[in-house]
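Trainee: Quick one: this structure, given as structure tokens, is what I'll be asking you about.
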Amino acid sequence: MIKESDQPFVRPWQPTPEQEKAIRATDATTEWLYHLPAEILRQYQGQWIGAKICRIVASGQTMEELYASLDDIDLGTVVIMRLERPGRVIYR
């Protein structure tokens with residue numbers, strides 16, 4: 001029999017002012033990534049990318065390749081995202 005837990009799985013997070021500032025510092029880059037032009041999406045499709053200050057600074061086929069190419073960049077200032085290959089839709 002499954003027993004109900006009295007411990008919540010998700011706990012509220014109250015970021016410190018420093019953590020909130022770091023999160024807010026990447027907002028513009030995150031928004032920029034959501035509106036990438038098609039030519040950039042095609043160039044990096046199926047890859048992991050790292051972006052900083054609205055620029056792609058590294059990419060890799062795997063997360064390990066991405067981290068290796070990020071080298072000595074402060075990871076707290078980089079937005080990491082995977083750009084999926086677009087699906088093919090066939091209308092009949």
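Chain labels A, B, ... are given in the sequence in which chains occur in the structure tokens; within each chain residues are numbered consecutively from 1, and ligands are likewise numbered from 1 in the order shown.
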Return as a ChimeraX atom specification the full set of residues in chain A whose backbone-based DSSP assignment is alpha helix (DSSP H).
Mentor: /A:17-25,27-34,38-44,63-70
Trainee: Please report as a Markdown table every residue of stretch 43-90 of chain A lying within 9 Å of stretch 27-36 of chain A, along with the nearest atom pair and their distance in Å (one decimal), using only C-alpha atoms.
Mentor:
| residue | atom | partner | partner_atom | distance |
| --- | --- | --- | --- | --- |
| A:Ala51 | CA | A:Thr29 | CA | 6.9 |
| A:Lys52 | CA | A:Thr29 | CA | 6.4 |
| A:Ile53 | CA | A:Thr29 | CA | 5.7 |
| A:Cys54 | CA | A:Thr29 | CA | 4.6 |
| A:Arg55 | CA | A:Thr29 | CA | 7.7 |
| A:Val78 | CA | A:Thr29 | CA | 8.7 |
| A:Val79 | CA | A:Thr30 | CA | 6.7 |
| A:Met81 | CA | A:Leu33 | CA | 8.6 |
Trainee: Would you compute the distance between atom CA of A:Gly76 and atom CA of A:Ala22? Give it in Å to one decimal.
Mentor: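 Going from atom CA of A:Gly76 over to atom CA of A:Ala22 covers 7.2 Å.
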Trainee: I'd like to know which residues of chain A are strand (DSSP E) (by DSSP, run on the backbone); could you write them as a PyMOL selection string?
Mentor: chain A and resi 47-52+55-60+79-83
Trainee: Go ahead and dump the residues you just picked, N, CA and C atoms, as a CSV table (one decimal), in the first residue's frame.
Mentor:
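again_8.csv was written with the following content:
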chain,number,residue,atom,x,y,z
A,47,GLN,N,21.6,21.2,-30.7
A,47,GLN,CA,22.7,21.4,-29.9
A,47,GLN,C,22.4,22.1,-28.6
A,48,TRP,N,23.3,22.0,-27.6
A,48,TRP,CA,23.2,22.8,-26.4
A,48,TRP,C,24.0,24.0,-26.7
A,49,ILE,N,23.4,25.2,-26.2
A,49,ILE,CA,24.1,26.4,-26.4
A,49,ILE,C,24.2,27.2,-25.1
A,50,GLY,N,25.2,28.0,-25.0
A,50,GLY,CA,25.4,28.9,-23.8
A,50,GLY,C,25.4,30.3,-24.4
A,51,ALA,N,24.6,31.2,-23.7
A,51,ALA,CA,24.5,32.5,-24.2
A,51,ALA,C,24.7,33.5,-23.0
A,52,LYS,N,25.4,34.6,-23.4
A,52,LYS,CA,25.7,35.6,-22.4
A,52,LYS,C,25.6,37.0,-23.1
A,55,ARG,N,24.4,37.0,-26.7
A,55,ARG,CA,25.3,36.4,-27.7
A,55,ARG,C,25.5,35.0,-27.4
A,56,ILE,N,25.6,34.1,-28.4
A,56,ILE,CA,25.9,32.7,-28.2
A,56,ILE,C,27.4,32.6,-28.0
A,57,VAL,N,27.8,32.1,-26.8
A,57,VAL,CA,29.3,32.1,-26.5
A,57,VAL,C,29.9,30.7,-26.7
A,58,ALA,N,29.0,29.7,-26.7
A,58,ALA,CA,29.5,28.3,-26.8
A,58,ALA,C,28.4,27.4,-27.2
A,59,SER,N,28.8,26.2,-27.8
A,59,SER,CA,27.8,25.2,-28.2
A,59,SER,C,28.4,23.9,-28.2
A,60,GLY,N,27.6,22.8,-28.1
A,60,GLY,CA,28.1,21.5,-28.1
A,60,GLY,C,26.9,20.5,-28.4
A,79,VAL,N,23.3,31.6,-19.8
A,79,VAL,CA,22.0,30.9,-19.9
A,79,VAL,C,22.2,29.7,-20.8
A,80,ILE,N,21.9,28.6,-20.3
A,80,ILE,CA,22.1,27.3,-21.1
A,80,ILE,C,20.8,26.8,-21.6
A,81,MET,N,20.7,26.4,-22.9
A,81,MET,CA,19.5,26.0,-23.5
A,81,MET,C,19.8,24.9,-24.6
A,82,ARG,N,18.9,24.0,-24.8
A,82,ARG,CA,19.0,23.1,-25.9
A,82,ARG,C,18.1,23.6,-27.0
A,83,LEU,N,18.6,23.7,-28.2
A,83,LEU,CA,17.8,24.1,-29.4
A,83,LEU,C,17.4,22.8,-30.1
Trainee: Applying 10 Å and only C-alpha atoms, which residues near A:Arg85 remain after dropping the ones on its own chain fewer than 2 positions away? List them as a PyMOL selection string.
Mentor: chain A and resi 41-42+44-47+82-83+87-88
